[in-house]
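J.: Below you'll find coords-v2.csv; it's CSV, C-alpha atoms.
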```csv
chain,number,residue,atom,x,y,z
A,36,MET,CA,-51.3,108.3,85.4
A,37,ALA,CA,-50.2,108.4,89.0
A,38,ILE,CA,-51.7,107.7,92.4
A,39,PHE,CA,-53.3,110.2,94.8
A,40,ILE,CA,-51.7,113.4,93.1
A,41,ASP,CA,-51.3,114.6,89.6
A,42,GLU,CA,-51.3,117.7,87.4
A,43,SER,CA,-54.8,118.5,88.6
A,44,SER,CA,-53.9,118.6,92.3
A,45,ARG,CA,-54.6,122.0,93.9
A,46,ILE,CA,-52.7,122.3,97.1
A,47,LEU,CA,-53.3,124.3,100.3
A,48,VAL,CA,-50.4,124.6,102.7
A,49,GLN,CA,-51.5,124.6,106.3
A,50,GLY,CA,-48.8,126.7,108.2
A,51,MET,CA,-47.6,128.4,105.0
A,52,THR,CA,-46.7,131.6,106.9
A,53,GLY,CA,-44.4,129.9,109.3
A,54,ARG,CA,-40.7,129.3,108.6
A,55,GLU,CA,-40.9,125.6,107.6
A,56,GLY,CA,-44.1,126.3,105.6
A,57,ARG,CA,-42.6,129.1,103.6
A,58,LYS,CA,-39.4,127.2,102.9
A,59,HIS,CA,-41.1,124.0,101.6
A,60,THR,CA,-43.8,125.9,99.8
A,61,GLN,CA,-41.1,127.6,97.8
A,62,ARG,CA,-39.6,124.2,97.0
A,63,MET,CA,-43.0,122.8,95.9
A,64,VAL,CA,-43.7,125.8,93.7
A,65,MET,CA,-40.3,125.5,92.1
A,66,SER,CA,-41.0,121.8,91.3
A,67,GLY,CA,-44.2,122.7,89.5
A,68,SER,CA,-46.8,122.0,92.2
A,69,ARG,CA,-50.0,124.0,92.0
A,70,ILE,CA,-50.0,125.8,95.4
A,71,VAL,CA,-53.4,127.7,95.4
A,72,GLY,CA,-53.3,129.0,99.0
A,73,GLY,CA,-52.1,128.8,102.5
A,74,VAL,CA,-54.0,128.4,105.8
A,75,THR,CA,-53.1,130.2,109.0
A,76,PRO,CA,-55.9,131.0,111.5
A,77,GLY,CA,-56.3,134.8,111.9
A,78,LYS,CA,-54.3,135.7,108.8
A,79,GLY,CA,-57.0,135.4,106.2
A,80,GLY,CA,-56.7,138.1,103.5
A,81,GLU,CA,-52.9,138.2,103.6
A,82,SER,CA,-50.6,136.8,100.9
A,83,VAL,CA,-47.1,135.4,100.6
A,84,VAL,CA,-45.1,135.9,97.4
A,85,PHE,CA,-43.4,132.9,95.8
A,86,GLU,CA,-41.6,133.2,92.5
A,87,GLU,CA,-43.1,136.7,92.1
A,88,ASP,CA,-46.6,135.4,92.4
A,89,PRO,CA,-48.7,136.2,95.5
A,90,VAL,CA,-50.3,133.2,97.1
A,91,PRO,CA,-53.4,134.0,99.2
A,92,VAL,CA,-53.7,133.1,102.9
A,93,PHE,CA,-57.0,131.9,104.3
A,94,SER,CA,-58.1,131.6,107.9
A,95,SER,CA,-59.5,128.0,107.5
A,96,VAL,CA,-59.3,125.0,105.2
A,97,SER,CA,-62.9,125.2,104.3
A,98,GLU,CA,-62.5,128.9,103.3
A,99,GLY,CA,-59.5,128.0,101.2
A,100,MET,CA,-61.3,125.1,99.5
A,101,ASP,CA,-64.3,127.3,98.7
A,102,ALA,CA,-62.2,130.0,97.2
A,103,THR,CA,-59.7,127.9,95.2
A,104,GLY,CA,-61.2,124.5,94.6
A,105,ALA,CA,-58.3,122.9,96.6
A,106,ASN,CA,-58.3,119.1,96.8
A,107,VAL,CA,-55.1,118.6,98.8
A,108,SER,CA,-53.7,120.0,102.0
A,109,VAL,CA,-50.2,119.6,103.4
A,110,VAL,CA,-49.6,120.3,107.1
A,111,PHE,CA,-46.4,122.1,108.2
A,112,VAL,CA,-47.9,123.0,111.6
A,113,PRO,CA,-45.9,122.6,114.9
A,114,PRO,CA,-46.8,119.4,116.9
A,115,ARG,CA,-48.8,121.1,119.6
A,116,PHE,CA,-51.2,122.7,117.0
A,117,ALA,CA,-51.1,119.8,114.5
A,118,ARG,CA,-54.1,118.0,115.9
A,119,ASP,CA,-56.4,120.9,115.4
A,120,ALA,CA,-55.0,121.6,111.9
A,121,VAL,CA,-55.6,118.0,110.7
A,122,LEU,CA,-59.1,117.8,112.3
A,123,GLU,CA,-59.9,121.0,110.5
A,124,ALA,CA,-58.9,119.5,107.2
A,125,VAL,CA,-60.9,116.3,108.0
A,126,GLU,CA,-64.0,118.3,109.0
A,127,ALA,CA,-63.7,120.2,105.7
A,128,GLU,CA,-63.5,116.8,103.9
A,129,ILE,CA,-60.6,117.7,101.8
A,130,PRO,CA,-59.8,114.6,99.7
A,131,LEU,CA,-56.2,114.3,100.7
A,132,CYS,CA,-54.3,115.6,103.8
A,133,VAL,CA,-50.6,115.1,103.9
A,134,VAL,CA,-49.2,115.5,107.5
A,135,ILE,CA,-45.4,116.2,107.4
A,136,THR,CA,-45.2,117.3,111.1
A,137,GLU,CA,-42.9,115.1,113.3
A,138,GLY,CA,-43.5,114.6,117.0
A,139,ILE,CA,-47.3,114.6,117.1
A,140,PRO,CA,-48.5,112.8,120.3
A,141,VAL,CA,-49.9,109.4,119.7
A,142,ARG,CA,-53.2,110.4,121.4
A,143,ASP,CA,-53.6,113.3,119.0
A,144,ALA,CA,-52.8,111.1,116.0
A,145,ILE,CA,-55.4,108.5,117.1
A,146,GLU,CA,-58.0,111.3,117.4
A,147,PHE,CA,-57.6,112.7,113.9
A,148,GLN,CA,-57.1,109.3,112.3
A,149,SER,CA,-60.3,108.1,113.9
A,150,ALA,CA,-62.1,111.2,112.6
A,151,ALA,CA,-60.8,110.6,109.1
A,152,ALA,CA,-62.0,107.0,109.1
A,153,SER,CA,-65.6,108.3,109.0
A,154,SER,CA,-64.9,111.1,106.5
A,155,SER,CA,-63.9,111.3,102.8
A,156,THR,CA,-60.4,112.5,103.7
A,157,ARG,CA,-57.4,110.3,103.2
A,158,ILE,CA,-54.5,111.1,105.5
A,159,ILE,CA,-50.9,110.4,104.6
A,160,GLY,CA,-48.6,110.5,107.6
A,161,PRO,CA,-47.9,112.0,110.1
A,162,ASN,CA,-44.1,112.2,110.3
A,163,CYS,CA,-43.7,111.5,106.6
A,164,PRO,CA,-41.9,113.2,103.7
A,165,GLY,CA,-45.1,113.3,101.6
A,166,LEU,CA,-45.4,112.1,98.1
A,167,ILE,CA,-44.4,113.0,94.5
A,168,SER,CA,-45.6,112.2,91.1
A,169,PRO,CA,-42.5,113.4,89.2
A,170,GLY,CA,-43.2,116.1,86.6
A,171,LYS,CA,-46.8,116.3,87.8
A,172,SER,CA,-47.0,117.3,91.5
A,173,ASN,CA,-44.9,117.2,94.7
A,174,VAL,CA,-46.6,117.5,98.1
A,175,GLY,CA,-44.2,117.6,101.0
A,176,ILE,CA,-40.4,117.6,101.3
A,177,ILE,CA,-39.2,115.1,98.8
A,178,PRO,CA,-36.5,116.6,96.6
A,179,ALA,CA,-38.0,117.0,93.1
A,180,HIS,CA,-34.7,116.7,91.2
A,181,ILE,CA,-33.6,113.2,92.3
A,182,ALA,CA,-35.8,111.3,89.8
A,183,GLY,CA,-38.1,111.8,86.8
A,184,ARG,CA,-41.1,110.1,85.5
A,185,GLY,CA,-41.2,106.4,85.0
A,186,ASN,CA,-43.1,103.2,85.8
A,187,ILE,CA,-41.9,102.2,89.3
A,188,GLY,CA,-44.2,102.8,92.2
A,189,LEU,CA,-42.5,103.3,95.6
A,190,VAL,CA,-44.0,103.1,99.1
A,191,SER,CA,-41.8,103.6,102.1
A,192,LYS,CA,-41.9,104.1,105.9
A,193,SER,CA,-38.6,105.9,105.8
A,194,GLY,CA,-38.1,109.4,104.4
A,195,THR,CA,-34.3,109.1,103.8
A,196,LEU,CA,-34.7,105.7,102.2
A,197,THR,CA,-37.4,107.1,100.0
A,198,TYR,CA,-34.8,109.6,98.7
A,199,GLN,CA,-32.1,107.0,98.4
A,200,MET,CA,-34.3,104.6,96.4
A,201,MET,CA,-35.5,107.3,94.1
A,202,PHE,CA,-31.9,108.3,93.5
A,203,GLU,CA,-30.8,104.7,93.0
A,204,LEU,CA,-33.5,104.2,90.4
A,205,ARG,CA,-33.4,107.5,88.7
A,206,ASP,CA,-32.5,105.8,85.5
A,207,HIS,CA,-36.0,104.3,85.4
A,208,GLY,CA,-38.1,106.9,87.1
A,209,PHE,CA,-41.3,106.7,89.1
A,210,SER,CA,-45.1,106.9,88.6
A,211,THR,CA,-45.5,108.0,92.2
A,212,ALA,CA,-43.3,107.7,95.4
A,213,VAL,CA,-45.2,107.8,98.7
A,214,GLY,CA,-43.7,108.2,102.1
A,215,ILE,CA,-46.3,106.9,104.6
A,216,GLY,CA,-44.4,107.7,107.8
A,217,GLY,CA,-43.0,105.5,110.5
A,218,ASP,CA,-45.1,106.6,113.6
A,219,PRO,CA,-47.1,103.9,115.5
A,220,VAL,CA,-50.4,105.4,114.2
A,221,ILE,CA,-50.5,106.5,110.6
A,222,GLY,CA,-53.3,107.0,108.0
A,223,THR,CA,-52.5,105.5,104.6
A,224,SER,CA,-50.8,102.1,104.9
A,225,HIS,CA,-48.5,99.9,102.8
A,226,ILE,CA,-51.6,98.0,101.8
A,227,ASP,CA,-53.5,101.1,100.7
A,228,VAL,CA,-50.7,102.2,98.5
A,229,LEU,CA,-50.0,98.7,97.1
A,230,GLN,CA,-53.7,98.4,96.0
A,231,ALA,CA,-53.5,101.9,94.3
A,232,PHE,CA,-50.3,100.9,92.4
A,233,GLU,CA,-52.0,97.6,91.4
A,234,ASP,CA,-54.8,99.6,89.9
A,235,ASP,CA,-52.5,102.2,88.2
A,236,ASP,CA,-51.9,101.4,84.5
A,237,ASP,CA,-48.6,103.3,84.5
A,238,THR,CA,-47.0,101.4,87.4
A,239,ASP,CA,-45.2,98.2,86.3
A,240,VAL,CA,-43.1,97.4,89.3
A,241,ILE,CA,-43.7,98.2,93.0
A,242,VAL,CA,-40.9,98.8,95.5
A,243,MET,CA,-41.9,98.6,99.2
A,244,ILE,CA,-39.6,99.8,102.0
A,245,GLY,CA,-40.3,98.8,105.5
A,246,GLU,CA,-38.5,98.8,108.8
A,247,ILE,CA,-38.4,97.0,112.1
A,248,GLY,CA,-41.3,97.3,114.5
A,249,GLY,CA,-45.0,96.3,114.3
A,250,ASP,CA,-46.4,93.9,111.8
A,251,ALA,CA,-47.3,96.2,108.9
A,252,GLU,CA,-44.9,94.4,106.6
A,253,GLU,CA,-46.2,91.0,107.5
A,254,ARG,CA,-49.7,92.1,106.8
A,255,ALA,CA,-48.6,93.7,103.6
A,256,GLY,CA,-47.0,90.3,102.6
A,257,ALA,CA,-50.3,88.5,103.1
A,258,PHE,CA,-52.1,91.1,101.1
A,259,ILE,CA,-49.6,90.9,98.2
A,260,ALA,CA,-50.0,87.1,98.1
A,261,GLU,CA,-53.7,87.4,97.6
A,262,ASN,CA,-54.2,90.6,95.7
A,263,ILE,CA,-51.1,92.0,93.8
A,264,THR,CA,-50.2,90.7,90.4
A,265,LYS,CA,-47.3,93.1,89.6
A,266,PRO,CA,-43.7,92.4,90.7
A,267,VAL,CA,-43.0,93.7,94.2
A,268,ILE,CA,-39.5,94.3,95.4
A,269,GLY,CA,-39.0,94.7,99.1
A,270,TYR,CA,-36.4,96.1,101.6
A,271,VAL,CA,-36.6,96.1,105.4
A,272,ALA,CA,-34.4,98.5,107.3
A,273,GLY,CA,-33.0,97.5,110.7
A,274,PHE,CA,-31.2,94.1,110.4
A,275,THR,CA,-28.6,95.2,112.9
A,276,ALA,CA,-31.0,96.9,115.4
A,277,PRO,CA,-30.9,95.6,119.0
A,278,PRO,CA,-34.2,94.3,120.4
A,279,GLY,CA,-36.2,96.5,122.8
A,280,LYS,CA,-34.9,99.8,121.5
A,281,THR,CA,-36.7,102.4,119.4
A,282,MET,CA,-34.6,103.0,116.3
A,283,GLY,CA,-35.3,106.2,114.3
A,284,HIS,CA,-39.1,106.3,114.0
A,285,ALA,CA,-41.4,106.0,117.0
A,286,GLY,CA,-42.9,102.9,115.6
A,287,ALA,CA,-39.6,101.1,115.0
A,288,ILE,CA,-39.3,99.1,118.2
A,289,ILE,CA,-39.0,95.3,118.4
A,290,THR,CA,-39.8,92.9,121.2
A,291,GLY,CA,-38.5,89.3,121.2
A,292,SER,CA,-38.7,87.9,117.8
A,293,GLY,CA,-41.7,90.0,116.7
A,294,GLY,CA,-41.1,92.9,114.4
A,295,THR,CA,-37.5,92.0,113.5
A,296,ALA,CA,-36.1,92.6,110.0
A,297,ALA,CA,-35.5,88.9,109.6
A,298,ALA,CA,-39.1,88.0,110.4
A,299,LYS,CA,-40.4,90.6,108.0
A,300,LYS,CA,-38.1,89.5,105.2
A,301,LYS,CA,-39.2,85.9,105.7
A,302,ALA,CA,-42.9,86.9,105.5
A,303,LEU,CA,-42.4,89.0,102.4
A,304,GLU,CA,-40.4,86.3,100.6
A,305,SER,CA,-43.1,83.7,101.4
A,306,ALA,CA,-45.5,86.0,99.6
A,307,GLY,CA,-43.3,86.0,96.5
A,308,VAL,CA,-41.7,89.4,97.2
A,309,MET,CA,-38.0,89.6,96.2
A,310,VAL,CA,-36.2,91.2,99.2
A,311,GLY,CA,-32.9,93.0,98.9
A,312,GLU,CA,-30.5,93.1,101.8
A,313,THR,CA,-29.2,96.6,101.0
A,314,PRO,CA,-30.9,99.5,99.3
A,315,SER,CA,-28.5,99.1,96.3
A,316,GLN,CA,-29.3,95.4,96.0
A,317,THR,CA,-33.0,96.3,96.2
A,318,ALA,CA,-32.6,98.8,93.4
A,319,SER,CA,-30.8,96.2,91.3
A,320,LEU,CA,-33.7,93.7,91.8
A,321,ALA,CA,-36.1,96.4,90.7
A,322,ARG,CA,-34.1,97.1,87.5
A,323,ASP,CA,-34.1,93.4,86.7
A,324,ALA,CA,-37.9,93.3,87.1
A,325,MET,CA,-38.3,96.3,84.9
A,326,GLY,CA,-36.0,94.7,82.3
A,327,ASP,CA,-38.0,91.5,82.4
A,328,ILE,CA,-41.2,93.5,81.7
A,329,ARG,CA,-39.7,95.4,78.8
A,330,GLN,CA,-38.3,92.2,77.3
A,331,LYS,CA,-41.8,90.5,77.5
A,332,SER,CA,-43.5,93.5,75.9
A,333,ALA,CA,-40.8,93.8,73.1
```
For the file at hand, write its structure as structure tokens.

T.:
Amino acid sequence: MAIFIDESSRILVQGMTGREGRKHTQRMVMSGSRIVGGVTPGKGGESVVFEEDPVPVFSSVSEGMDATGANVSVVFVPPRFARDAVLEAVEAEIPLCVVITEGIPVRDAIEFQSAAASSSTRIIGPNCPGLISPGKSNVGIIPAHIAGRGNIGLVSKSGTLTYQMMFELRDHGFSTAVGIGGDPVIGTSHIDVLQAFEDDDDTDVIVMIGEIGGDAEERAGAFIAENITKPVIGYVAGFTAPPGKTMGHAGAIITGSGGTAAAKKKALESAGVMVGETPSQTASLARDAMGDIRQKSA
């Protein structure tokens, strides 16, 4: 099993005919993802060849869904056009829309997230690396070669730390790794992914990566204490970040004592989460948790 995507995922790439869309579609195809079409307004009827196979282009998400049975879209559309692209996916009620685009105005993100709240579409992102169920499907920009299948579930605000943690734990592998994005307004949250991993029979240990800014990690800690029975290993990036400055993601800003890495670490630990002080230490804690589970089941 996996969460959100698997072998049955049929993917439309919004912006496939652009430079970034072509590049990352090629990477997804090479990793085994089922890319069934692209979407570029006004270019319906064209096609783009990947690995010698032509992939059709449609003028709209709804047209692509009707023709291919697509149930996932991934957005590689420039920021000024991203709002309309995501709203189009939401209006078509595609089950999952993964928004890779960075630099989308907060006002635009609020609009399409609000629209999704009253539809059947789940949004992951924006400004995220996407998600991967190794050996099954890969939607976004996560390198497919850094880890294989396994029983660790990973949810992370940070793209680069997603990659690092997958590489660090490549000896165990992952059910699914989800990069939720670090913007102030995102769709799928830590809590959403934690619940999905709790319900997934093939996820034994959960690794959660947060960062400074906001209170998402504190809220996740409260949720874990009440709802999650599986071991959760945490890491919070930004222990050395100065107060009052945005660091990396647009959402990573701290004010006073709120949103600091230390405050988040304390909140997670009070919920029973083991928190590493470095990515490597976090990976070591996850290995220990996996070892404990295997020992108990032996």

J.: Give the answer as one residue: which of A:Arg157, A:His59, A:Lys299, A:Arg184 has the shortest atom-to-atom distance to Thr211 in chain A, using all atoms listed in the file?

T.: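 Using all atoms listed in the file, the shortest distance to Thr211 in chain A belongs to A:Arg184.
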
J.: Between A:Met200, A:Met63, A:Cys163, A:Val174, which one has atoms that come closest to Ser319 in chain A, using all atoms listed in the file?

T.: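 Of all the options, A:Met200 lies closest to Ser319 in chain A.
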
J.: What are the nearest atom pairs, with distances in Å to one decimal, for all residues of range 159-264 of chain A that come at most 12 Å from range 104-121 of chain A, using all atoms listed in the file, set out by chain and rising residue number as CSV?

T.:
```
residue,atom,partner,partner_atom,distance
A:Ile159,CA,A:Val109,CA,9.3
A:Gly160,CA,A:Val110,CA,9.9
A:Pro161,CA,A:Val110,CA,9.0
A:Asn162,CA,A:Pro114,CA,10.1
A:Cys163,CA,A:Val110,CA,10.6
A:Pro164,CA,A:Val109,CA,10.5
A:Gly165,CA,A:Val109,CA,8.3
A:Leu166,CA,A:Val109,CA,10.4
A:Ser172,CA,A:Val107,CA,11.0
A:Asn173,CA,A:Val109,CA,10.5
A:Val174,CA,A:Val109,CA,6.7
A:Gly175,CA,A:Val109,CA,6.8
A:Ile176,CA,A:Phe111,CA,10.2
A:Gly222,CA,A:Val121,CA,11.6
```

J.: Which residue gives the smallest distance to Ile145 in chain A among A:Pro178, A:Gly73, A:Gly214, A:Pro219, with all atoms listed in the file counted?

T.: A:Pro219

J.: Using all atoms listed in the file, pick whichever of A:Glu233, A:Asp218, A:Asp227, A:Asp143 has the shortest atom-to-atom distance to Ala255 in chain A.

T.: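 So, comparing all the options, the nearest one is A:Asp227.
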
J.: Anything within 12 Å of (-36.9, 115.3, 92.4): list those residues as a PyMOL selection string, counting only C-alpha atoms and sticking to the file's coordinates.

T.: chain A and resi 62-63+65-68+166-184+197-202+204-205+208-209+211-212

J.: Report, in Å to a single decimal, how far apart CA of Glu312 in chain A and CA of Ile328 in chain A are.

T.: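 Value for the CA of Ile328 in chain A-CA of Glu312 in chain A distance: 22.8 Å.
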
J.: Work out how far apart CA of Asp327 in chain A and CA of Leu303 in chain A are and give it in Å to one decimal.

T.: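 That distance, rounded to one decimal, is 20.6 Å.
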
J.: Residues near range 321-323 of chain A, anyone? I mean within 10 Å using all atoms listed in the file, not counting same-chain ones fewer than 3 positions away, as a list of chain:residue names.

T.: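 The residues that qualify are A:Ile187, A:Glu203, A:Leu204, A:Asp206, A:His207, A:Val240, A:Ile241, A:Val242, A:Pro266, A:Val267, A:Ile268, A:Gly269, A:Met309, A:Val310, A:Gly311, A:Ser315, A:Gln316, A:Thr317, A:Ala318, A:Gly326, A:Asp327, A:Ile328, A:Arg329.
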
J.: For Ala251 in chain A, please output as a list in words all residues within 9 Å (counting all atoms listed in the file; exclusion window: fewer than 5 positions along the same chain).

T.: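 Near Ala251 in chain A, the qualifying residues are Ser224, His225, Ile226, Gly245, Gly256, Gly294 and Lys299 of chain A.
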
J.: So how far away is CA of Ile247 in chain A from CA of Val213 in chain A, in Å?

T.: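 Atom-to-atom, CA of Val213 in chain A to CA of Ile247 in chain A, that is 18.5 Å.
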
J.: Please provide as a ChimeraX atom specification all residues within 12 Å of Pro89 in chain A, with the sequence filter that same-chain residues fewer than 3 positions apart are discarded (counting all atoms listed in the file).

T.: /A:61,64,70-73,80-86,92

J.: Calculated over only C-alpha atoms, which of the candidates A:Gly248, A:Pro91, A:Pro130, A:Gly185 has the smallest distance to Met325 in chain A?

T.: A:Gly185

J.: Could you check the closest approach to Ile38 in chain A for each of A:Glu137, A:Glu146, A:Glu252, A:Asp235 and tell me which residue wins, using all atoms listed in the file?

T.: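 Checking each candidate against Ile38 in chain A, we get A:Asp235 as the closest.
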
J.: List the neighbours of Val271 in chain A out to 6 Å using only C-alpha atoms; skip same-chain residues closer than 5 positions along the sequence, and give me the result as a ChimeraX atom specification.

T.: /A:244-246,296
